[in-house]
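Enquirer: Here's a structure for you.
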4 protein chains.
Amino acid sequence: MHVHPVSVVGASGYTGLELTRLLARHAHVRVAALYSDRWADEPAGGRLPLSGELAALRYRPLAEAERADGEIVFLATPAEVSAALTPRLLARGARVVDLSGAFRLADPAAYPAWYGFPHPAPELLAEARYGLPELARAGLAGARLVTNPGCYATSIALAVAPLVKSGLVSPDGIVVTGLSGVSGAGRKASEDYSFVEVGDDLRAYRLGRHQHVPEIEQTVLRHAGACGPIAFTPVLVPIRRGILSSVALRLAGGARPADLEGALRAAYAEEPFVKVLAADKVMVKDVLHTNRAHVGVAVDPRAGVALATSAIDNLVKGAAGQAVQAMNAAMGWPETAGLDLLGG
Amino acid sequence: MHVHPVSVVGASGYTGLELTRLLARHAHVRVAALYSDRWADEPAGGRLPLSGELAALRYRPLAEAERADGEIVFLATPAEVSAALTPRLLARGARVVDLSGAFRLADPAAYPAWYGFPHPAPELLAEARYGLPELARAGLAGARLVTNPGCYATSIALAVAPLVKSGLVSPDGIVVTGLSGVSGAGRKASEDYSFVEVGDDLRAYRLGRHQHVPEIEQTVLRHAGACGPIAFTPVLVPIRRGILSSVALRLAGGARPADLEGALRAAYAEEPFVKVLAADKVMVKDVLHTNRAHVGVAVDPRAGVALATSAIDNLVKGAAGQAVQAMNAAMGWPETAGLDLLGG
Amino acid sequence: MHVHPVSVVGASGYTGLELTRLLARHAHVRVAALYSDRWADEPAGGRLPLSGELAALRYRPLAEAERADGEIVFLATPAEVSAALTPRLLARGARVVDLSGAFRLADPAAYPAWYGFPHPAPELLAEARYGLPELARAGLAGARLVTNPGCYATSIALAVAPLVKSGLVSPDGIVVTGLSGVSGAGRKASEDYSFVEVGDDLRAYRLGRHQHVPEIEQTVLRHAGACGPIAFTPVLVPIRRGILSSVALRLAGGARPADLEGALRAAYAEEPFVKVLAADKVMVKDVLHTNRAHVGVAVDPRAGVALATSAIDNLVKGAAGQAVQAMNAAMGWPETAGLDLLGG
Amino acid sequence: MHVHPVSVVGASGYTGLELTRLLARHAHVRVAALYSDRWADEPAGGRLPLSGELAALRYRPLAEAERADGEIVFLATPAEVSAALTPRLLARGARVVDLSGAFRLADPAAYPAWYGFPHPAPELLAEARYGLPELARAGLAGARLVTNPGCYATSIALAVAPLVKSGLVSPDGIVVTGLSGVSGAGRKASEDYSFVEVGDDLRAYRLGRHQHVPEIEQTVLRHAGACGPIAFTPVLVPIRRGILSSVALRLAGGARPADLEGALRAAYAEEPFVKVLAADKVMVKDVLHTNRAHVGVAVDPRAGVALATSAIDNLVKGAAGQAVQAMNAAMGWPETAGLDLLGG
């Protein structure tokens, strides 16, 4: 079988490291190059428990990334870097899987508001395929540019989209609190993310202003046909990795609990990576180091509200694992290829 | 000054321990007796860094608690134990501060549904005074039976009640996700709360069914005059102590952010234990080991929602500290007596 | 290639779970049966992210384990259970890999002292092969009974044995402090291991009396030809998994730092699972979820002492991974088969 | 009673914060000034749950600290800053309690080797009084310059000094592994101390080279009359605060366990802040947020070694609490004044 060369740009971040781990064990690809200024010239085997040729592969400076080796290039870079690199890589003939937010929103006008910069390559937004196969599989096959979903967006959309689509809940008035482990903030030399400041603490941030909000709304709208504004409070919690989302949706008419759970089960019956459980059996520890999402829904009949929960590993299903899954879909490989992760 | 003898029943639980700590340094009281089957006959100084007579005081069996020493008796016992002990203690002439849920709900009919038992002393429910001075100070002076609020209820009601009262948000459609440290579950030899199972994990429990829901609604209703059903998802997070609540309320009319924050500030301007901050500056670590609550509110204008946050230490403002504050109010002492806690 | 049926007895403990994970992805074996009273009749796919036939395999009661299916039977059971089961399994013709301490000590007289029971099958102690390939590879090929090393023993012996063998340090006066994550205590519904009691705490236990002491001394003696009594203090630390050992050895003559590090490097040059680093670069996080050990040594010339460090994942190289490695050695497969774990 | 004005220089570090907390509740002093560049001009009440005048006190820039207000000035500054400030403050007539290492070593020649700088005020080293009252009370009364012990030094010397003094163990061949929470590294915007890097990890650092080694040896020598070089391995563990030291000492002659424990008990019988327990009952959680040290000793008769353990809160007995205790001793106040901390 042909083995396809791939490269990772931004290989020293937490996402880049996880991606390197996953690609190293993927049977259809070969890691041809890793780009990181931070570790430039160091061998990858000094940073990850690799063996063989990959262990000896040396990180290369980011400046070389616009001519990045590989048939497929993964960008685990900040949105502005991705936005600048992608057109050049596509022009070179590479396929790009971008893990930043640079191409997630279809509307260029949304970038200044949510990401703080005008989009430098708006013509690519229409071409980018959203890499969440469970909700947007159509269009991924053969995609030249895959835009990988955000971690919160993955977790939340997987719970919300099928419920809204079922008509059992309203597309309006959705409220979400998302709890994220600290690796979601990336690798940073910041006192704000120091062990002493974060350990034993809980705090909300970017209430109502998180850049994943329009992405979630867009995903639900495309999948379910409707989505009102979502009120979202992200919270930083002292775990290294993992996201749990707590979602409230208004019940439409007389939906019974079994109907709602049935809607989730129907949506994910054939999906290898999504498991439907009772809402209080959805736990972060069960999905850590796997590409799985666990989702569940309960009903509060007094309040007329469906209460859904959703758990993922932010670095796997929320980033690197999903990028591999999307690559698999784009390349026509089984989506589970290289993703038989058994957690731990 | 006269020093009043007090006793603590259920002194070996996390709440009982914290209460013992606080009472030990309270200038107006003297700990006369501590009741705990678990540590019966052990000296208190072996369990807490006490000195003097209190260090030598020996825990006594719970069976002796119905004749508990002391002018004021604190019950840090399960609701059913509290419900059984309280009438006898009151009959003996003691003042009771009950930290369980036994007397929190005014409606006896609510007990089977939310607490799982028919109330054995419904005639006392009308007499019990709710010990959350910031929202229910009237009536506490001279109270013979104080029912101390639940930890989630304290955290949530402090954020919700003044906002609803202000009219700037609707009393309907309130959605809450509450994050609690593990000591909230009490001292338990349960695998579910073992370090390996809880560490690095997040999970929701009792979605829409937590027994603090009717207590919160009752408190908001009394304070603000209206309160619809609240949809509540509690989440267990791997910290030892502390609660952060994330609250969404529907904006009424054209409320501006400054109005909402102003409503909180006005409500708590004279309160020594409540501090109003920006919603993303409300952090658990700042209130740990103090009797303080930090609350804040942000606005999501797109969604028409106010997003409030509220942080307390579940064992202090959420339990033992609040019980001391309520005792102070009942006895006519300054509410801050014995509560000059500087955190850490 | 022939795929060998294997079974795991005690499959619901942390070690049994990890073993199931590893065996599920091992190309040479097929999990034929899993034994656990706790989860009897449940499908394995409800407990681990498995797929296919293995997901549907149901746990069977422990009482059936003496007729356990499989060519190779892994015992992740308490020492007394292993001691009772092993003779029957061997008599049935199975190969046994025992992860308990039941067969680790060659001297039956050591069992009452260190394990608290007289050995019921002393005749098997001479036959048992110690499953630490890096220090005791000879004899593993074809072994019918493999006794898998203890987690502390693995970590400590890997650092101590080559240094003592080199003659650069004395076999006498060795002092060790071992730090272990909480999963080392097994799955227990004990308040002692609850999150609230263990989180934010550090405490030593079984000082000088831990049952791994004679095992370490025996291993070093066999490998290096000499070993005095080792003074060992184990410490419980609030991490879920991982061990870091801190070892002090008296320098013999004028050994230089480079000599000591050289001795480690020479010992492990060909070993795929042991990496030699500077002593302060040995970190638990780098070996988590891998079968690797990281070891290092520094020198304190003032004190005339070598200070070594050693890190493993107690559930992998300290238990399940090592058991797979030893099975590989016993069966004549590459030792790395099924162990290309990339951490995380 | 006269209330003495004091000031804290370096008030925004973890030690400075803890000191401010403690001084705020000390009946004999009044906090007159707080110095911190980081928080210059902010009111202290925004950083700590203070009330009254102290809440309104504004941090002042460090540049003003050489004319620091107050009869007593606490320096919670790096060693080089303390070394520069102290002579000026003494010249101004202030009493100085320095929490850095600037004046801990009597021998100026030790500074370049262990602290990396030549001492700028060697003439003060002889005058500085070591602020560990339990081992060096003589000389503290009336001291003009108190040098506050290091956190590891406090923990280790409290266990070692009385045992060596008893003659039951040798002053030679002492081996220590010290486990410290992350606040011991100070407040730092460093990736090395980020939650993701430190959480779930254990690592040793500065093996045999930690600057507290000569301080411990000097303290034991002064107290017990003899002390050989100590081999010390410090380890960083993922807790916010607390130190547990594991100490091995060679038994001299036929010492029995009861003799060793008796030596500790005799040494500390009158000490309010040191509690002697069984070695495996010494736990960090019991001393957190208190000025207490818990010490214990076990015996390994096979190895001929005494195994001692010692626990403190690095920010209280290991820093700020001890500084207050030493101030109390210097001023002739009860040593426990302001230190009736009940943990939590």
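To be explicit about the labels: the chains of the structure tokens are called A, B, and onward in the order shown, and within each one the residues are counted from 1, while ligands get numbers from 1 in the order they are shown.
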So which residues touch C:Ala231 within 7 Å, counting only C-alpha atoms, skipping near sequence neighbours fewer than 4 positions away, as a short mmCIF file (atom, residue, chain, number, x, y, z; two decimals) with all heavy atoms, in the first residue's frame?

Expert:
data_model
loop_
_atom_site.label_atom_id
_atom_site.label_comp_id
_atom_site.auth_asym_id
_atom_site.auth_seq_id
_atom_site.Cartn_x
_atom_site.Cartn_y
_atom_site.Cartn_z
N ILE C 174 22.36 1.30 50.87
CA ILE C 174 21.47 1.92 49.87
C ILE C 174 20.19 2.44 50.56
O ILE C 174 19.59 1.77 51.39
CB ILE C 174 21.10 0.89 48.77
CG1 ILE C 174 22.39 0.46 48.04
CG2 ILE C 174 20.08 1.46 47.80
CD1 ILE C 174 22.20 -0.72 47.10
N VAL C 175 19.82 3.67 50.19
CA VAL C 175 18.64 4.32 50.77
C VAL C 175 17.73 4.76 49.63
O VAL C 175 18.19 5.36 48.67
CB VAL C 175 19.06 5.57 51.60
CG1 VAL C 175 17.83 6.36 52.02
CG2 VAL C 175 19.88 5.15 52.81
N VAL C 176 16.45 4.45 49.76
CA VAL C 176 15.50 4.79 48.70
C VAL C 176 14.25 5.45 49.27
O VAL C 176 13.71 5.00 50.29
CB VAL C 176 15.04 3.53 47.92
CG1 VAL C 176 14.11 3.92 46.77
CG2 VAL C 176 16.23 2.74 47.40
N GLY C 208 10.41 1.00 55.81
CA GLY C 208 11.28 -0.12 56.14
C GLY C 208 10.59 -1.47 56.14
O GLY C 208 11.23 -2.49 56.43
N ASP D 300 14.43 0.87 60.70
CA ASP D 300 14.60 -0.31 59.87
C ASP D 300 15.76 -1.09 60.47
O ASP D 300 16.94 -0.79 60.20
CB ASP D 300 14.89 0.09 58.42
CG ASP D 300 15.06 -1.12 57.53
OD1 ASP D 300 15.30 -2.23 58.06
OD2 ASP D 300 14.95 -0.96 56.30
N ALA D 303 18.40 -2.73 58.05
CA ALA D 303 19.34 -1.82 57.41
C ALA D 303 20.13 -1.01 58.43
O ALA D 303 21.10 -0.34 58.07
CB ALA D 303 18.59 -0.89 56.45
N VAL D 305 19.00 1.57 60.10
CA VAL D 305 18.73 2.94 59.68
C VAL D 305 17.49 3.46 60.40
O VAL D 305 16.51 2.71 60.58
CB VAL D 305 18.53 3.00 58.15
CG1 VAL D 305 17.98 4.35 57.72
CG2 VAL D 305 19.85 2.72 57.43
#

Enquirer: Would you pick out the contacts of stretch 68-74 of chain D at 10 Å or less, using only C-alpha atoms, so that residues sharing its chain but fewer than 3 positions from it are not included, and give the list as number ranges by chain?

Expert: D: 4-11, 16, 19-20, 29-35, 60, 62-65, 77, 82, 85-86, 88-90, 92-99, 144-146, 148, 320, 323-324, 327, 331

Enquirer: Can you tell me, as a ChimeraX atom specification, which residues in stretch 48-285 of chain C count as strand (DSSP E) by DSSP?

Expert: /C:72-75,95-98,129-130,145-147,175-180,203-204,231-236,243-250,274-276

Enquirer: Give the residues of chain B that lie within 6 Å of chain A; count only C-alpha atoms, and format the answer as a PyMOL selection string.

Expert: chain B and resi 200-205+208+229+231+239+280+283-285+300+303

Enquirer: Skip C:Arg58 itself and residues of its chain fewer than 4 positions away, then list as a VMD selection string all residues within 10 Å of it, counting only C-alpha atoms.

Expert: chain C and resid 33 to 36 39 to 46 54

Enquirer: Could you find all residues in stretch 218-337 of chain A that DSSP calls helix (DSSP H, G or I) from the backbone, and write them as a compact mmCIF listing (two decimals) with N, CA, C and O atoms, in the first residue's frame?

Expert:
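This is the output file result_23.txt:
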# COMPACT_ATOMS: atom_id res chain seq x y z
N GLN A 218 -23.04 27.90 13.48
CA GLN A 218 -22.97 27.58 12.06
C GLN A 218 -23.11 26.08 11.83
O GLN A 218 -23.81 25.63 10.90
N THR A 219 -22.47 25.30 12.69
CA THR A 219 -22.52 23.84 12.54
C THR A 219 -23.92 23.31 12.79
O THR A 219 -24.42 22.45 12.07
N VAL A 220 -24.56 23.81 13.83
CA VAL A 220 -25.92 23.36 14.14
C VAL A 220 -26.88 23.80 13.04
O VAL A 220 -27.74 23.03 12.59
N LEU A 221 -26.71 25.03 12.61
CA LEU A 221 -27.58 25.55 11.54
C LEU A 221 -27.48 24.69 10.29
O LEU A 221 -28.49 24.29 9.70
N ARG A 222 -26.26 24.39 9.87
CA ARG A 222 -26.08 23.57 8.67
C ARG A 222 -26.67 22.18 8.85
O ARG A 222 -27.27 21.62 7.94
N HIS A 223 -26.48 21.64 10.04
CA HIS A 223 -26.91 20.25 10.25
C HIS A 223 -28.42 20.15 10.51
O HIS A 223 -29.07 19.24 10.03
N ALA A 224 -28.93 21.12 11.29
CA ALA A 224 -30.31 20.99 11.77
C ALA A 224 -31.26 21.97 11.10
O ALA A 224 -32.47 21.88 11.28
N PRO A 257 -38.24 11.87 27.78
CA PRO A 257 -36.80 11.58 27.87
C PRO A 257 -36.36 10.54 26.84
O PRO A 257 -35.33 10.71 26.18
N ALA A 258 -37.15 9.48 26.69
CA ALA A 258 -36.74 8.42 25.77
C ALA A 258 -36.66 8.92 24.34
O ALA A 258 -35.85 8.45 23.54
N ASP A 259 -37.50 9.90 24.00
CA ASP A 259 -37.45 10.45 22.65
C ASP A 259 -36.10 11.13 22.41
O ASP A 259 -35.50 10.99 21.35
N LEU A 260 -35.69 11.91 23.41
CA LEU A 260 -34.45 12.65 23.25
C LEU A 260 -33.25 11.72 23.17
O LEU A 260 -32.39 11.86 22.30
N GLU A 261 -33.21 10.78 24.08
CA GLU A 261 -32.10 9.84 24.03
C GLU A 261 -32.16 9.05 22.72
O GLU A 261 -31.12 8.77 22.10
N GLY A 262 -33.36 8.75 22.30
CA GLY A 262 -33.51 8.05 21.02
C GLY A 262 -32.97 8.85 19.85
O GLY A 262 -32.36 8.30 18.93
N ALA A 263 -33.17 10.16 19.90
CA ALA A 263 -32.67 11.00 18.82
C ALA A 263 -31.15 10.95 18.75
O ALA A 263 -30.55 10.88 17.68
N LEU A 264 -30.53 10.97 19.92
CA LEU A 264 -29.06 10.87 19.95
C LEU A 264 -28.63 9.48 19.44
O LEU A 264 -27.70 9.36 18.65
N ARG A 265 -29.31 8.47 19.92
CA ARG A 265 -28.91 7.11 19.52
C ARG A 265 -29.06 6.91 18.01
O ARG A 265 -28.21 6.30 17.36
N ALA A 266 -30.15 7.45 17.48
CA ALA A 266 -30.36 7.30 16.04
C ALA A 266 -29.27 8.03 15.26
O ALA A 266 -28.75 7.54 14.27
N ALA A 267 -28.92 9.21 15.76
CA ALA A 267 -27.92 10.02 15.05
C ALA A 267 -26.57 9.33 15.02
O ALA A 267 -25.82 9.45 14.05
N TYR A 268 -26.26 8.61 16.10
CA TYR A 268 -24.90 8.08 16.22
C TYR A 268 -24.82 6.56 16.14
O TYR A 268 -23.79 5.97 16.46
N ALA A 279 -27.02 10.77 30.84
CA ALA A 279 -26.31 12.05 30.98
C ALA A 279 -25.35 12.04 32.17
O ALA A 279 -24.30 12.69 32.14
N ASP A 280 -25.67 11.30 33.21
CA ASP A 280 -24.79 11.29 34.39
C ASP A 280 -23.76 10.15 34.32
O ASP A 280 -23.03 9.93 35.29
N LYS A 281 -23.68 9.48 33.21
CA LYS A 281 -22.63 8.49 32.99
C LYS A 281 -21.58 9.00 32.01
O LYS A 281 -20.65 8.27 31.64
N VAL A 284 -15.39 12.56 31.69
CA VAL A 284 -14.18 12.86 30.96
C VAL A 284 -13.19 11.70 31.01
O VAL A 284 -12.54 11.37 30.01
N LYS A 285 -13.06 11.04 32.16
CA LYS A 285 -12.00 10.02 32.26
C LYS A 285 -12.18 8.88 31.26
O LYS A 285 -11.20 8.26 30.88
N ASP A 286 -13.43 8.63 30.86
CA ASP A 286 -13.66 7.51 29.95
C ASP A 286 -13.24 7.81 28.51
O ASP A 286 -13.15 6.89 27.70
N VAL A 316 -7.57 15.11 21.53
CA VAL A 316 -7.77 14.02 20.57
C VAL A 316 -9.04 14.32 19.75
O VAL A 316 -8.95 14.98 18.73
N LYS A 317 -10.21 13.92 20.22
CA LYS A 317 -11.42 14.23 19.44
C LYS A 317 -11.58 15.75 19.29
O LYS A 317 -12.17 16.22 18.32
N GLY A 318 -11.03 16.51 20.23
CA GLY A 318 -11.12 17.97 20.13
C GLY A 318 -10.03 18.60 19.29
O GLY A 318 -10.01 19.82 19.12
N ALA A 319 -9.11 17.82 18.74
CA ALA A 319 -8.03 18.42 17.95
C ALA A 319 -7.35 17.37 17.06
O ALA A 319 -7.77 17.11 15.94
N ALA A 320 -6.30 16.73 17.59
CA ALA A 320 -5.44 15.91 16.74
C ALA A 320 -6.13 14.65 16.22
O ALA A 320 -5.95 14.27 15.05
N GLY A 321 -6.91 14.01 17.06
CA GLY A 321 -7.58 12.78 16.62
C GLY A 321 -8.61 13.09 15.54
O GLY A 321 -8.70 12.40 14.52
N GLN A 322 -9.35 14.16 15.78
CA GLN A 322 -10.35 14.56 14.79
C GLN A 322 -9.68 14.95 13.47
O GLN A 322 -10.22 14.65 12.39
N ALA A 323 -8.52 15.56 13.54
CA ALA A 323 -7.80 15.93 12.31
C ALA A 323 -7.41 14.68 11.54
O ALA A 323 -7.47 14.65 10.30
N VAL A 324 -7.01 13.64 12.27
CA VAL A 324 -6.67 12.38 11.60
C VAL A 324 -7.92 11.75 11.02
O VAL A 324 -7.93 11.26 9.87
N GLN A 325 -9.01 11.79 11.78
CA GLN A 325 -10.27 11.23 11.29
C GLN A 325 -10.71 11.96 10.01
O GLN A 325 -11.14 11.32 9.03
N ALA A 326 -10.56 13.29 10.01
CA ALA A 326 -10.95 14.07 8.83
C ALA A 326 -10.03 13.78 7.65
O ALA A 326 -10.47 13.69 6.50
N MET A 327 -8.75 13.62 7.93
CA MET A 327 -7.81 13.23 6.86
C MET A 327 -8.25 11.89 6.28
O MET A 327 -8.30 11.71 5.05
N ASN A 328 -8.59 10.95 7.16
CA ASN A 328 -9.04 9.65 6.69
C ASN A 328 -10.24 9.80 5.76
O ASN A 328 -10.31 9.20 4.68
N ALA A 329 -11.19 10.64 6.17
CA ALA A 329 -12.38 10.86 5.35
C ALA A 329 -12.01 11.51 4.03
O ALA A 329 -12.51 11.13 2.96
N ALA A 330 -11.12 12.48 4.08
CA ALA A 330 -10.72 13.19 2.86
C ALA A 330 -10.01 12.24 1.89
O ALA A 330 -10.17 12.33 0.67
N MET A 331 -9.22 11.32 2.44
CA MET A 331 -8.42 10.43 1.61
C MET A 331 -9.16 9.15 1.21
O MET A 331 -8.61 8.32 0.49
